[in-house]
Structures are given as C-alpha cells and as structure tokens.
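Pasted below: protein_35.cif, mmCIF, C-alpha atoms.
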data_protein
loop_
_atom_site.label_atom_id
_atom_site.label_comp_id
_atom_site.auth_asym_id
_atom_site.auth_seq_id
_atom_site.Cartn_x
_atom_site.Cartn_y
_atom_site.Cartn_z
CA MET A 14 4.43 -4.25 21.07
CA HIS A 15 7.12 -6.15 19.19
CA THR A 16 4.71 -9.06 18.63
CA VAL A 17 2.05 -6.72 17.22
CA ALA A 18 4.56 -5.15 14.84
CA THR A 19 5.79 -8.56 13.69
CA VAL A 20 2.24 -9.82 13.09
CA LEU A 21 1.38 -6.64 11.16
CA GLN A 22 4.53 -6.92 9.09
CA TRP A 23 3.86 -10.55 8.13
CA ALA A 24 0.16 -9.94 7.51
CA PHE A 25 0.87 -7.09 5.11
CA LEU A 26 3.62 -9.09 3.43
CA VAL A 27 1.28 -12.02 2.74
CA ILE A 28 -1.62 -9.79 1.68
CA GLY A 29 0.69 -7.66 -0.49
CA PHE A 30 2.01 -10.70 -2.34
CA ALA A 31 -1.55 -12.00 -2.75
CA VAL A 32 -2.62 -8.69 -4.33
CA LEU A 33 0.45 -8.71 -6.60
CA GLY A 34 -0.26 -12.32 -7.60
CA ALA A 35 -3.89 -11.56 -8.41
CA ALA A 36 -2.90 -8.50 -10.44
CA LEU A 37 -0.32 -10.58 -12.32
CA VAL A 38 -2.86 -13.31 -13.11
CA SER A 39 -5.35 -10.68 -14.30
CA SER A 40 -2.70 -9.08 -16.52
CA VAL A 41 -1.56 -12.37 -18.03
CA ARG A 42 -5.17 -13.36 -18.75
CA MET A 43 -5.80 -10.05 -20.51
CA LYS A 44 -2.61 -10.39 -22.55
CA LEU A 45 -3.47 -13.96 -23.54
CA ALA A 46 -6.93 -12.78 -24.59
CA GLY A 47 -5.25 -10.45 -27.08
CA ALA A 48 -5.23 -7.13 -25.24
CA GLY A 49 -2.43 -4.73 -25.99
CA PHE A 50 0.18 -3.70 -23.45
CA GLY A 51 -1.48 -0.30 -22.99
CA LYS A 52 -4.79 -1.92 -22.07
CA VAL A 53 -3.06 -4.19 -19.55
CA VAL A 54 -1.36 -1.22 -17.88
CA GLU A 55 -4.63 0.73 -17.92
CA ASN A 56 -6.34 -2.22 -16.20
CA LEU A 57 -3.67 -2.24 -13.49
CA GLU A 58 -4.07 1.50 -12.91
CA GLU A 59 -7.88 1.49 -12.88
CA ARG A 60 -8.72 -1.83 -11.27
CA TRP A 61 -5.83 -2.78 -9.03
CA PHE A 62 -3.68 0.13 -7.88
CA GLY A 63 -2.20 3.28 -9.29
CA ALA A 64 1.54 3.83 -9.27
CA GLY A 65 1.09 7.25 -7.69
CA SER A 66 -0.99 5.77 -4.88
CA VAL A 67 1.63 3.14 -4.10
CA LEU A 68 4.39 5.75 -4.17
CA LEU A 69 2.51 8.13 -1.85
CA ALA A 70 1.77 5.35 0.68
CA LEU A 71 5.37 4.11 0.44
CA LEU A 72 6.86 7.55 1.03
CA THR A 73 4.61 8.46 3.97
CA GLY A 74 5.07 5.07 5.64
CA THR A 75 8.83 5.13 5.14
CA LEU A 76 9.13 8.66 6.46
CA ALA A 77 7.03 7.85 9.53
CA MET A 78 8.97 4.66 10.22
CA THR A 79 12.32 6.40 9.89
CA VAL A 80 11.33 9.33 12.10
CA ALA A 81 9.75 7.07 14.75
CA GLY A 82 12.86 4.90 14.72
CA ARG A 83 15.12 7.87 15.27
CA LEU A 84 12.91 9.24 18.06
CA SER A 85 12.68 5.88 19.84
CA GLY A 86 16.40 5.20 19.52
CA HIS A 87 16.05 2.14 17.28
CA GLY A 88 17.69 3.84 14.29
CA VAL A 89 15.78 2.47 11.29
CA GLY A 90 17.45 3.17 7.95
CA ILE A 91 15.53 4.34 4.90
CA GLU A 92 16.32 1.14 2.97
CA GLN A 93 15.02 -1.08 5.76
CA ALA A 94 11.93 1.07 6.23
CA ALA A 95 11.10 1.03 2.52
CA LEU A 96 11.37 -2.76 2.38
CA VAL A 97 9.08 -3.16 5.38
CA VAL A 98 6.53 -0.58 4.22
CA PHE A 99 6.32 -1.62 0.53
CA PRO A 100 3.77 -4.45 1.06
CA LEU A 101 1.72 -2.08 3.21
CA ALA A 102 1.79 0.47 0.38
CA LEU A 103 0.51 -2.11 -2.11
CA VAL A 104 -2.33 -3.15 0.18
CA ALA A 105 -3.21 0.47 0.98
CA ALA A 106 -3.29 1.47 -2.69
CA PHE A 107 -5.44 -1.56 -3.56
CA ALA A 108 -7.86 -0.90 -0.68
CA VAL A 109 -8.16 2.79 -1.54
CA ARG A 110 -8.78 1.98 -5.20
CA ARG A 111 -11.56 -0.45 -4.29
CA LEU A 112 -13.16 1.71 -1.58
CA SER A 113 -13.10 4.97 -3.53
CA ALA A 114 -14.61 3.32 -6.64
CA GLY A 115 -17.54 1.93 -4.66
CA GLY A 116 -20.11 2.02 -7.43
CA GLY A 117 -20.95 5.70 -7.22
CA THR A 118 -22.79 5.44 -3.90
CA GLY A 119 -20.45 7.81 -2.05
CA SER A 120 -19.87 11.49 -2.48
CA ALA A 121 -16.66 13.08 -3.71
CA GLY A 122 -15.81 14.05 -0.12
CA ARG A 123 -15.94 10.42 0.97
CA GLY A 124 -13.50 9.45 -1.80
CA THR A 125 -11.06 12.14 -0.71
CA ALA A 126 -11.33 11.06 2.93
CA VAL A 127 -10.72 7.43 1.94
CA ARG A 128 -7.66 8.40 -0.10
CA ALA A 129 -6.21 10.61 2.62
CA SER A 130 -6.71 8.08 5.38
CA GLY A 131 -5.66 5.08 3.31
CA LEU A 132 -2.62 6.54 1.59
CA VAL A 133 -1.29 8.96 4.21
CA ILE A 134 -2.63 8.36 7.70
CA ALA A 135 -2.71 4.53 7.81
CA PRO A 136 0.79 3.98 6.35
CA ALA A 137 2.23 6.66 8.63
CA LEU A 138 0.65 5.18 11.74
CA LEU A 139 1.55 1.59 10.87
CA GLY A 140 5.10 2.56 9.89
CA ALA A 141 5.54 4.34 13.21
CA VAL A 142 4.16 1.36 15.15
CA MET A 143 6.44 -1.07 13.33
CA SER A 144 9.47 1.11 14.00
CA ALA A 145 8.71 1.92 17.63
CA ALA A 146 8.38 -1.79 18.39
CA GLY A 147 11.92 -2.37 17.28
#

Target encoding structure tokens, full file:
Amino acid sequence: MHTVATVLQWAFLVIGFAVLGAALVSSVRMKLAGAGFGKVVENLEERWFGAGSVLLALLTGTLAMTVAGRLSGHGVGIEQAALVVFPLALVAAFAVRRLSAGGGTGSAGRGTAVRASGLVIAPALLGAVMSAAG
C-alpha cells in the first residue's frame, strides 16, 4: 500500500507541474501577443482550471487525508496533507475543466457528475489512500 501511495504521489506531482508549466507557457504566449492581464486570467479560468475548482479539490483531499491519518494512527498534519494534495487538486481541476467542456456533446447532468466525482470524490479517496499508506 505504501508503494501505491508513493507512486500516486509522484505521478500527481509530475503531472501537476506539467499542467502548471503548460498553463504558464500559454499565459506568456498570450501576454507576448499583446493580450491584457484580464484576458490572460480569463484564459486560465476558462481553458486550464478555475481557482474555485482547485480550492474545492484541495480542501476535500486535505480533509480526507487528515481524517484518514488520524483514524489509521499515522497522524498527518494539515500542512503536510495540503502539500501532498495540491498537485492532485491541480490535475483534478484541469481534468474536470476539460471533461465538462467536452464540446457540448454531454448533458448538464453529466457535467455535474464529472465535477462532483473529479473535485470531491477522487481527491477524497486518493487523499485517504495516501494517508492510510503512511
């Protein structure tokens, strides 16, 4: 279980930094093309990830990791949990943004289900797994 948690942690760390890097490159390209700061921020919110989505995933993952740590006797602090879950929150927010904006082929119910599972359920489950593994 510890190996699975370590692999998940490193995978989300690498993917999270890749998403941040791509968003940064996109923002710099827009700014160099003459876009205003407001347009750059709007692009980040609409295309990459919303700040509210990242915060929701971060809070649910951190809460689940802290509670699972306390229940399993590993005693994970909030600071440690937030640092571990932050890359997961970035990846979850990016994935939800991309899946829920799938070209209009899905219904509104599908978008809500994607948001709920991607921003609440997945971070909570993964945070609990990472904490229970030690």

Within 8 Å of A:Thr79, counting only C-alpha atoms, which residues qualify if same-chain residues fewer than 4 places away don't, as a PyMOL selection string?
-> chain A and resi 75+83+88-91+94+141+144

Residue contacts of A:Ala36 (9 Å, only C-alpha atoms) excluding same-chain residues fewer than 3 positions away, as JSON, numbers by chain = {"A": [31, 32, 33, 39, 40, 41, 57, 60, 61]}

Would you put the residues from that selection into a file with C-alpha atoms, as a CSV table (one decimal), in the coordinates of the input?
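The resulting file, result18.csv, is reproduced below:
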chain,number,residue,atom,x,y,z
A,31,ALA,CA,-1.6,-12.0,-2.8
A,32,VAL,CA,-2.6,-8.7,-4.3
A,33,LEU,CA,0.4,-8.7,-6.6
A,39,SER,CA,-5.4,-10.7,-14.3
A,40,SER,CA,-2.7,-9.1,-16.5
A,41,VAL,CA,-1.6,-12.4,-18.0
A,57,LEU,CA,-3.7,-2.2,-13.5
A,60,ARG,CA,-8.7,-1.8,-11.3
A,61,TRP,CA,-5.8,-2.8,-9.0

Distance of atom CA of A:Ala70 from atom CA of A:Pro136, expressed in Å to one decimal place |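 The value is 5.9 Å.
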
Could you state the separation of atom CA of A:Arg110 and atom CA of A:Lys52 in Å, given to one decimal place?
->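 Taking atom CA of A:Arg110 and atom CA of A:Lys52, their separation equals 17.8 Å.
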
Nearest candidate to A:Trp23 (options A:Gly131, A:Gly140, A:Gly86, A:Pro100; using all atoms listed in the file) |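 Among the listed residues, the smallest separation from A:Trp23 belongs to A:Pro100.
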
When distances are computed from all atoms listed in the file, which of A:Ala114, A:Gly124, A:Val104, A:Leu84 shows the smallest separation from A:Val27?
-> A:Val104

Just so the selection is clear, what residues does the PyMOL selection byres ((chain A and resi 25) around 9) cover here, as JSON, numbers by chain?
-> {"A": [20, 21, 22, 23, 24, 26, 27, 28, 29, 30, 98, 99, 100, 101, 102, 103, 104]}

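Atom CA of A:Leu69 sits 29.0 Å away from atom CA of A:Ala48.
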
Skipping near chain neighbours, those fewer than 2 positions away, what residues fall within 10 Å of A:Leu138 using all atoms listed in the file, listed as a VMD selection string?
-> chain A and resid 73 to 74 77 to 78 81 133 to 136 140 to 144

Output file for the selection above: C-alpha atoms, as a PDB file, in the coordinates of the input:
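Done, and the output landed in selection_38.pdb:
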ATOM      1  CA  THR A  73       4.610   8.460   3.970  1.00  0.00           C
ATOM      2  CA  GLY A  74       5.070   5.070   5.640  1.00  0.00           C
ATOM      3  CA  ALA A  77       7.030   7.850   9.530  1.00  0.00           C
ATOM      4  CA  MET A  78       8.970   4.660  10.220  1.00  0.00           C
ATOM      5  CA  ALA A  81       9.750   7.070  14.750  1.00  0.00           C
ATOM      6  CA  VAL A 133      -1.290   8.960   4.210  1.00  0.00           C
ATOM      7  CA  ILE A 134      -2.630   8.360   7.700  1.00  0.00           C
ATOM      8  CA  ALA A 135      -2.710   4.530   7.810  1.00  0.00           C
ATOM      9  CA  PRO A 136       0.790   3.980   6.350  1.00  0.00           C
ATOM     10  CA  GLY A 140       5.100   2.560   9.890  1.00  0.00           C
ATOM     11  CA  ALA A 141       5.540   4.340  13.210  1.00  0.00           C
ATOM     12  CA  VAL A 142       4.160   1.360  15.150  1.00  0.00           C
ATOM     13  CA  MET A 143       6.440  -1.070  13.330  1.00  0.00           C
ATOM     14  CA  SER A 144       9.470   1.110  14.000  1.00  0.00           C
TER      15      SER A 144
END

Closest of A:Leu132, A:Val127, A:Leu112, A:Val97 to A:Thr19, counting all atoms listed in the file, is A:Val97
